[in-house]
Protein chains: 2
Amino acid sequence: MWREVEETVRRDGRERREFKNNGYLTSQLNIAVAVNADMNSSGLVCSDNEASSSSSSIALSLSTMTMYSLTPHLRNSLHCCPRQFQFFSFTLPISLKFNSLHPKSPRNPKSHPTLIVRSSSGSITAKPSSELRKNSTNDSGQEEKLRALRELFSKPSINIDAYIIPSQDAHQSEFIAECYMRRAYISGFTGSAGTAVVTKDKAALWTDGRYFLQAEQQLSSSWVLMRAGNMGVPTTTEWLNSVLAPGCRIGIDPFLFSSDAAEELKEAISKRKHELVYLYDCNLVDEVWKASRPKPPNSPIRLHDLKYAGVDVSSKLSSLRSELAGAGSSAIVISMLDEVAWLLNLRGADVPHSPVMYAYLIVEIDGAKLFIDKSKVTSEVMDYLKNAGIDLCPYESILSEIESLAARGARLWLDTSSINAAIVDTYKSACDAYHSASGYQNEIERTSSYGSDGHSRGPTAVYRHSPISLAKAVKNDAELEGMCKSHLRDAVAIAQFWAWLEEEILRGVILTEVQVADKLLEFRKMQDGFLDTSFDTISGSGANGAIIHYKPEPGTCSVVHADKLFLLDSGAQYHDGTTDVTRTVHFGEPSSRQRECFTRVLQGHIALDQAVFPENTPGFVLDAFARSALWKIGLDYRHGTGHGVGAALNVHEGPQSISFRFGNMTPLLKGMVVSNEPGYYEDHSFGIRIENLLYVKEVDTPNNYGGLGYLGFEKLTFVPIQIKLIDISLLSNAEINWINDYHMQVWEKVSTLLDGSARQWLWNNTRPLVKP
Amino acid sequence: MWREVEETVRRDGRERREFKNNGYLTSQLNIAVAVNADMNSSGLVCSDNEASSSSSSIALSLSTMTMYSLTPHLRNSLHCCPRQFQFFSFTLPISLKFNSLHPKSPRNPKSHPTLIVRSSSGSITAKPSSELRKNSTNDSGQEEKLRALRELFSKPSINIDAYIIPSQDAHQSEFIAECYMRRAYISGFTGSAGTAVVTKDKAALWTDGRYFLQAEQQLSSSWVLMRAGNMGVPTTTEWLNSVLAPGCRIGIDPFLFSSDAAEELKEAISKRKHELVYLYDCNLVDEVWKASRPKPPNSPIRLHDLKYAGVDVSSKLSSLRSELAGAGSSAIVISMLDEVAWLLNLRGADVPHSPVMYAYLIVEIDGAKLFIDKSKVTSEVMDYLKNAGIDLCPYESILSEIESLAARGARLWLDTSSINAAIVDTYKSACDAYHSASGYQNEIERTSSYGSDGHSRGPTAVYRHSPISLAKAVKNDAELEGMCKSHLRDAVAIAQFWAWLEEEILRGVILTEVQVADKLLEFRKMQDGFLDTSFDTISGSGANGAIIHYKPEPGTCSVVHADKLFLLDSGAQYHDGTTDVTRTVHFGEPSSRQRECFTRVLQGHIALDQAVFPENTPGFVLDAFARSALWKIGLDYRHGTGHGVGAALNVHEGPQSISFRFGNMTPLLKGMVVSNEPGYYEDHSFGIRIENLLYVKEVDTPNNYGGLGYLGFEKLTFVPIQIKLIDISLLSNAEINWINDYHMQVWEKVSTLLDGSARQWLWNNTRPLVKP
């Protein structure tokens, strides 16, 4: 399953937001900015007028840029980047001045899809409970919630004119626990992406095109639906700037915004002299939610066995501490849940699909503290943490520890793209307090006073990307072994599933998309070490397959038609690994159109799978390989080709990516796991995607030009590709050999784990193609 | 022939230098900058230590970056970008603060290849006269020149401590007239790339690895050779900063530096409080050169026939004026010689290889002035210009007109990457004078005072890229027709040449690389409309073929061996078009290694030739297609794959490029001409390159996904590819078909223009390949 990753960076100690997978982010864009005399004061690039009024190279380059630089949140929402959807507004990834705050704002006044509230994790997905759903169309209930919320606005300790409720949790998680689904609770809209904004007399909810219908159904009349991406729809901040009188106080829960996002927000509303108010003490929605609010999850956490993790916690901590020292920092706060889990070799079950637990981790040179609800910590884990020198602290005490760190003079490494505004702001204030107590007059004076070790005296923030991200992405042998083994077990379940499904459909049994997804889950559950699905299964028959992130719902989903293409994108979490696989099949006779499109998607899949490339090649260099066969007949797909996958962790992880958006410079490194998932989607008709997971390996090339190693991919996924969808006349001999070789491997690796009809199905589906 | 194009941009009204083809220039680099606490104050990225001391994603991304961000000048010199040559120093393409001057400086103190003097045109090539060469090893002559130069330093009107002599002319030309080869004159070193710096007691010359040997031979003992790229070699400015006491005056001829380059220089030397002194009144080398200096070229200029140009001058001026108005400017100064020639449909013969004339052009909304030596202007051209509303002015009067423009309140469009510092500085000063006379206190006050038309009152600079560049790159039908026709005549000459050469070699005649190149010129001269070669022919036998920009010299070149690979890269200027073609052949029996490498280069050539891609695709997206077959066996080449080519103009032009350096966002547009020239070079052994020119055309794909047009290429070059060098077992059927189809086209298009042995040769060399 493709998902965009948006990331935030910090420069010069000031906030800046970057989008790693965010289109062609290059100096050329800045060129455009420079020459655009008409740009507005907020650091926007150029208007569409600008681009079209001039035929200069700049203007034309710019118009290219705009196609690739859609508002990231919107893209996250769409899970794809339309290369030509000019009716979206575009944002400026690199602002004019690095040393001042420049939030990205919409350029085109006619189209305003930007939701200023963004996270590093893209969309948030979880299944809201029936309680949440039940309330969703209850008009008076919704009205009552809004009334209760607004009542809080005027409390002296709060005193705000508006409140923004994003979808995020405090950790920028992709999947969140139900108790943190405040936006869904307050608005009644349960879609995965959206932002609610409530003023004293208005309430508005922004979501994207995937959810317009759902939001219309779920929102009560108290709410205005803001169809992000449609013409004339303002962003949240534009709307706030227009409906509030100047100089208002706009409240947020600072835990729910990354520091970068909060700074952007602050800048955007400052145009109308509004003030951004951090309400530390309580989340106002929680106040309204009260007793009916689900409890925070407290599933017991477990050790992730060293045989799966490969490296023990003390080695990981030791490496991290070397990095801290090398960066001139003395402590780091880690808030991404998969990073905490990876670093400590622990796993949890606090959210769906990702085996993580809610926690913060602070690592200092000489100690470490895990901020977690103790009720989740078994005595075994307790001992384990103690041995690793990790103290336990209450989850809620994170801010007081941050203050204490500053008071102790710690130089804190902060990744402001993921660390929430509450933590960053608390640390900054504590540093200021420290330094004004020390008598420094200003920041420059303070930071220019270095001690004998070359570091500044006293606490100071070190703004960097989290060092865990890359370390986690490069899998060690044990992690790769776990990935391989779990993929074989997954392949067994999938073979059993397909054998079953084909037989059912052949027998004329009517099955819905949801029933089919449920049955797949049943097969997976029978496999050793199965824990959960790794994301909501995308089970799409016919036209539903063309909806890239389609999620079938029991009441409304389609049946799996025998005479239509069926796209199934699913994955699982096992103790030893994480899977993500897509196959597209036809139960009857595919049309020649479907076969041509499928074959060209397959050719792209093969081209990427077979790519060999020099060390230090960023993923985007390979992206065109996966599109070339489609391009030849004027087809393409509006999503990236490959995302990172965690080892028994999140199904989506960075920092690498294979995408036409080449802002992401991370080279593909030996040991990284990526998906290979080209597709083609014909609206209202069918969808095709063929997805394997791969890991990057060294290739023993006969030459090593430039003294470089050359890299390639090894497959993790062993599931047959449906032969009947292949138009063999389009294939080269090398491509036919690839398919036959792959199917031979599938048979050899998986057949011994199967018997009966599933084994027969595997046999039938791994027979070599022969060119007629 | 591959050549890098470096470009300069301006942001926020301040100088900034960008490198369009300059590696992976993205926001990620800025990320790295931001987090690097150790970077030095000049805006450098990170040290190699930094990159290796941290295993964080940033550090690793950064280390990738550095491989792609070599000092542009050095790359220009090398005509290739080694992806892994870590022993070069690296520069920061995007500086920390856009609103202050940040020259790129070397990061790695151990390696300093940066020549601060850079031009937008890469290397300067021309054949110095025998007079220049004669002096070159004359020690006492060199000493005498230096003495005379230094004597000028102390003149009251000059009063400088050092003088920098770059290779450039005043127009950033690739090929320059001999009278402007001041660096060659003063230093005796005649290589195409180099910078001379003379202080009161020292003289140093920087050049790159191609010229170390030549410079050693040509420099007298008065000169220190600075081997740029070698360990420990400082840049020009580092050297100046180290050898001069603080607070010195460093002189330049401001005509010979682009405004951006001069600003960079100024910033770099300001660290030691040196002052950059613009010596407008005379070039000090010219003062020394005196009577023996060649006269400026004054070949008569000629009309470029409308049947070749396609669009008349009044239409071009009218389009340009619309752009001026759209950009809020009222005038533009154009200094790139090919831009002047293209815009006016004029051609000249002032420099070798490019049909241009030395001139500046100023276009205002209601008039235009051509600054040119009148002796070049025939009465026919005089009438033509008069009809087009273009006044003639003396070449030397450019600065006084610039002053006059400011005095008249013109808003002048300036491309500071190409416009020299003399012009830009003169305009700025004149604007300042205007505004202080008008009573404005400062620039902010001035530029914020807008008239009723929305433009500021009074003169103000509009900093933008030249609008001519893209307009010139997109060829109209007449230009493409001229390109096609001239390529067929060129193909005739080449077929005659190869037929002759093969026969000579077979007969055992000993021919040198230069003799062979001269003979090719003879054949070309017989073709209608032939004017000149379009660059110095690269005629390389055996190991010489591995030197990407090898230039054989009569005394020292090799013979063309019958038993070695022979690489021939050449081109011609015709009245109707410009050609550039490379073929690699073997006269005897190639080794299997040579055949494998040749075949993989050919596969890359075919893959790019056959590419189909959506509109708005920048060239770099296609670059990997040309490398993929080489990568599979661990091979690569260290230059880009395609450059733009002018229509009866410069053989190298922007703004498009097909290169792994993806800073260049210019999309490939219908009508653009690009080269397709993958290669492989085995040092000390052989070189392979296969180069055709292509133009971008619309492809009639059966689909148009996303409502987009899809583009592809059409070949301009029709010269056989040597079959004996192809290992057919490596080829797919599609590749074999491509070769056979191409050769069939070559036969059909060229055979009717040939007779005798050349026709027979063409027949022999266009027979279809048959898979055994």
# chains A, B, ... in the order shown; residues from 1 in each chain; ligands from 1
call {"tool": "select_by_dssp", "arguments": {"residues": "region 431-566 of chain A", "states": "strand (DSSP E)", "output": "JSON, numbers by chain"}}
result
{"A": [462, 463, 530, 531, 532, 533, 538, 539, 540, 541, 565, 566]}
call {"tool": "write_last_selection", "arguments": {"atoms": "C-alpha atoms", "output": "JSON list (two decimals), in the first residue's frame"}}
result
[["chain", "number", "residue", "atom", "x", "y", "z"],
["A", 462, "VAL", "CA", 20.24, 20.68, 18.77],
["A", 463, "TYR", "CA", 17.79, 20.62, 15.90],
["A", 530, "PHE", "CA", 0.42, -13.63, 13.57],
["A", 531, "LEU", "CA", -0.54, -10.51, 15.46],
["A", 532, "ASP", "CA", -2.63, -8.18, 13.35],
["A", 533, "THR", "CA", -3.17, -6.83, 9.88],
["A", 538, "ILE", "CA", -7.97, -2.83, 0.48],
["A", 539, "SER", "CA", -10.36, -5.26, -1.14],
["A", 540, "GLY", "CA", -11.75, -3.68, -4.29],
["A", 541, "SER", "CA", -13.84, -5.27, -7.00],
["A", 565, "LEU", "CA", -10.86, -7.33, -11.89],
["A", 566, "PHE", "CA", -10.32, -7.72, -8.17]]
call {"tool": "residues_around", "arguments": {"residues": "Tyr710 (chain B)", "least_positions_apart": "5", "cutoff": "8 Å", "atoms": "only C-alpha atoms", "output": "count of residues only"}}
result
11
call {"tool": "residues_around", "arguments": {"residues": "Ala499 (chain A)", "least_positions_apart": "4", "cutoff": "7 Å", "atoms": "only C-alpha atoms", "output": "ChimeraX atom specification"}}
result
/A:495,503,757-758,761
call {"tool": "residues_around", "arguments": {"residues": "region 475-482 of chain A", "least_positions_apart": "4", "cutoff": "7 Å", "atoms": "only C-alpha atoms", "output": "ChimeraX atom specification"}}
result
/A:307-310,486,576-577,647,671-672
call {"tool": "residues_around", "arguments": {"residues": "Thr237 (chain B)", "least_positions_apart": "2", "cutoff": "7 Å", "atoms": "only C-alpha atoms", "output": "list in words"}}
result
Ile116, Thr235, Trp239, Leu240, Asn241, Ala268 and Ile269 of chain B
call {"tool": "atom_distance", "arguments": {"atom1": "CA of Leu152 (chain A)", "atom2": "CA of Trp223 (chain A)"}}
result
18.5 Å
call {"tool": "atom_distance", "arguments": {"atom1": "CA of Ser192 (chain B)", "atom2": "CA of Ala204 (chain B)"}}
result
16.3 Å
call {"tool": "atom_distance", "arguments": {"atom1": "CA of His684 (chain B)", "atom2": "CA of Ser592 (chain B)"}}
result
17.4 Å
call {"tool": "select_by_dssp", "arguments": {"residues": "region 179-382 of chain A", "states": "alpha helix (DSSP H)", "output": "number ranges by chain"}}
result
A: 182-187, 212-218, 236-243, 259-270, 284-289, 306-309, 313-326, 337-344, 379-382
call {"tool": "write_last_selection", "arguments": {"atoms": "C-alpha atoms", "output": "short mmCIF file (atom, residue, chain, number, x, y, z; two decimals), in the first residue's frame"}}
result
data_model
loop_
_atom_site.label_atom_id
_atom_site.label_comp_id
_atom_site.auth_asym_id
_atom_site.auth_seq_id
_atom_site.Cartn_x
_atom_site.Cartn_y
_atom_site.Cartn_z
CA ARG A 182 -10.94 13.77 19.26
CA ARG A 183 -11.74 15.17 15.85
CA ALA A 184 -14.00 12.19 15.13
CA TYR A 185 -15.70 12.57 18.51
CA ILE A 186 -16.35 16.27 18.33
CA SER A 187 -17.41 16.41 14.69
CA PHE A 212 -16.82 14.24 0.97
CA LEU A 213 -19.75 11.83 0.84
CA GLN A 214 -19.04 10.29 4.22
CA ALA A 215 -18.60 13.70 5.83
CA GLU A 216 -21.87 14.94 4.31
CA GLN A 217 -23.62 11.98 5.89
CA GLN A 218 -21.92 12.20 9.26
CA THR A 236 -8.18 26.38 7.98
CA THR A 237 -6.04 29.40 8.64
CA GLU A 238 -7.47 31.40 5.76
CA TRP A 239 -10.88 30.63 7.09
CA LEU A 240 -9.93 31.59 10.63
CA ASN A 241 -8.35 34.77 9.35
CA SER A 242 -11.56 35.59 7.52
CA VAL A 243 -14.19 34.73 10.16
CA SER A 259 6.56 21.83 16.67
CA ASP A 260 7.00 22.66 13.00
CA ALA A 261 3.28 22.50 12.31
CA ALA A 262 2.52 24.73 15.27
CA GLU A 263 5.06 27.28 14.14
CA GLU A 264 3.53 27.29 10.69
CA LEU A 265 0.12 27.78 12.16
CA LYS A 266 1.35 30.59 14.34
CA GLU A 267 2.87 32.37 11.36
CA ALA A 268 -0.24 31.93 9.20
CA ILE A 269 -2.62 33.41 11.75
CA SER A 270 -0.26 36.19 12.73
CA LEU A 284 -10.93 20.68 25.53
CA VAL A 285 -12.51 17.83 23.58
CA ASP A 286 -11.53 15.43 26.35
CA GLU A 287 -13.27 17.77 28.78
CA VAL A 288 -16.45 17.45 26.75
CA TRP A 289 -15.96 13.74 26.14
CA LEU A 306 16.83 -10.71 20.14
CA LYS A 307 16.63 -13.43 17.50
CA TYR A 308 14.28 -11.11 15.61
CA ALA A 309 15.86 -7.79 16.62
CA VAL A 313 19.24 -2.66 23.43
CA SER A 314 22.55 -1.82 25.05
CA SER A 315 24.31 -1.84 21.68
CA LYS A 316 21.60 0.34 20.18
CA LEU A 317 21.78 2.77 23.10
CA SER A 318 25.52 2.85 22.85
CA SER A 319 25.40 3.73 19.15
CA LEU A 320 22.81 6.37 19.82
CA ARG A 321 24.93 7.90 22.55
CA SER A 322 27.89 8.11 20.19
CA GLU A 323 25.69 9.99 17.80
CA LEU A 324 24.50 12.32 20.52
CA ALA A 325 28.07 13.09 21.47
CA GLY A 326 29.06 13.54 17.84
CA LEU A 337 6.29 5.19 18.65
CA ASP A 338 8.06 2.86 16.20
CA GLU A 339 11.37 4.49 17.05
CA VAL A 340 10.86 3.89 20.75
CA ALA A 341 9.86 0.28 20.05
CA TRP A 342 12.80 -0.35 17.73
CA LEU A 343 15.38 1.20 20.00
CA LEU A 344 14.27 -0.73 23.07
CA SER A 379 7.55 -7.58 35.52
CA GLU A 380 9.62 -9.27 32.82
CA VAL A 381 9.81 -6.02 30.86
CA MET A 382 10.43 -4.14 34.09
#
call {"tool": "residues_around", "arguments": {"residues": "Ile547 (chain B)", "least_positions_apart": "4", "cutoff": "9 Å", "atoms": "only C-alpha atoms", "output": "number ranges by chain"}}
result
B: 210, 540, 543, 551, 681, 683-684, 686-687
call {"tool": "residues_around", "arguments": {"residues": "Ser570 (chain A)", "least_positions_apart": "4", "cutoff": "7 Å", "atoms": "only C-alpha atoms", "output": "list in words"}}
result
Phe535, Thr537, Ile538, Asp580, Val581 and Thr582 of chain A
call {"tool": "decode", "arguments": {"residues": "region 630-645 of chain A", "atoms": "N, CA and C atoms", "output": "short mmCIF file (atom, residue, chain, number, x, y, z; two decimals), in the first residue's frame"}}
result
data_model
loop_
_atom_site.label_atom_id
_atom_site.label_comp_id
_atom_site.auth_asym_id
_atom_site.auth_seq_id
_atom_site.Cartn_x
_atom_site.Cartn_y
_atom_site.Cartn_z
N LEU A 630 4.23 1.82 -19.09
CA LEU A 630 2.93 2.50 -19.13
C LEU A 630 3.00 3.77 -19.97
N TRP A 631 4.07 4.53 -19.76
CA TRP A 631 4.23 5.79 -20.52
C TRP A 631 4.16 5.53 -22.03
N LYS A 632 4.67 4.40 -22.45
CA LYS A 632 4.73 4.15 -23.91
C LYS A 632 3.34 4.17 -24.54
N ILE A 633 2.32 3.85 -23.76
CA ILE A 633 0.97 3.94 -24.33
C ILE A 633 0.17 5.07 -23.66
N GLY A 634 0.88 6.02 -23.05
CA GLY A 634 0.20 7.19 -22.51
C GLY A 634 -0.51 6.94 -21.19
N LEU A 635 -0.03 5.98 -20.42
CA LEU A 635 -0.64 5.71 -19.10
C LEU A 635 0.37 6.01 -18.00
N ASP A 636 -0.14 6.13 -16.79
CA ASP A 636 0.70 6.46 -15.64
C ASP A 636 -0.11 6.14 -14.38
N TYR A 637 0.48 6.33 -13.23
CA TYR A 637 -0.27 6.20 -11.98
C TYR A 637 0.16 7.31 -11.04
N ARG A 638 -0.80 7.70 -10.19
CA ARG A 638 -0.60 8.91 -9.39
C ARG A 638 -0.17 8.59 -7.97
N HIS A 639 0.71 7.66 -7.84
CA HIS A 639 1.30 7.45 -6.51
C HIS A 639 2.73 7.04 -6.71
N GLY A 640 3.48 7.03 -5.61
CA GLY A 640 4.86 6.61 -5.70
C GLY A 640 4.94 5.12 -5.96
N THR A 641 6.17 4.63 -6.12
CA THR A 641 6.35 3.22 -6.48
C THR A 641 6.81 2.39 -5.29
N GLY A 642 7.48 3.00 -4.34
CA GLY A 642 7.98 2.20 -3.23
C GLY A 642 8.11 2.98 -1.94
N HIS A 643 7.70 2.35 -0.83
CA HIS A 643 7.87 2.95 0.49
C HIS A 643 8.67 1.99 1.37
N GLY A 644 9.28 2.52 2.41
CA GLY A 644 9.97 1.68 3.37
C GLY A 644 8.99 0.89 4.22
N VAL A 645 9.45 -0.25 4.74
CA VAL A 645 8.62 -1.10 5.61
C VAL A 645 9.47 -1.50 6.82
#
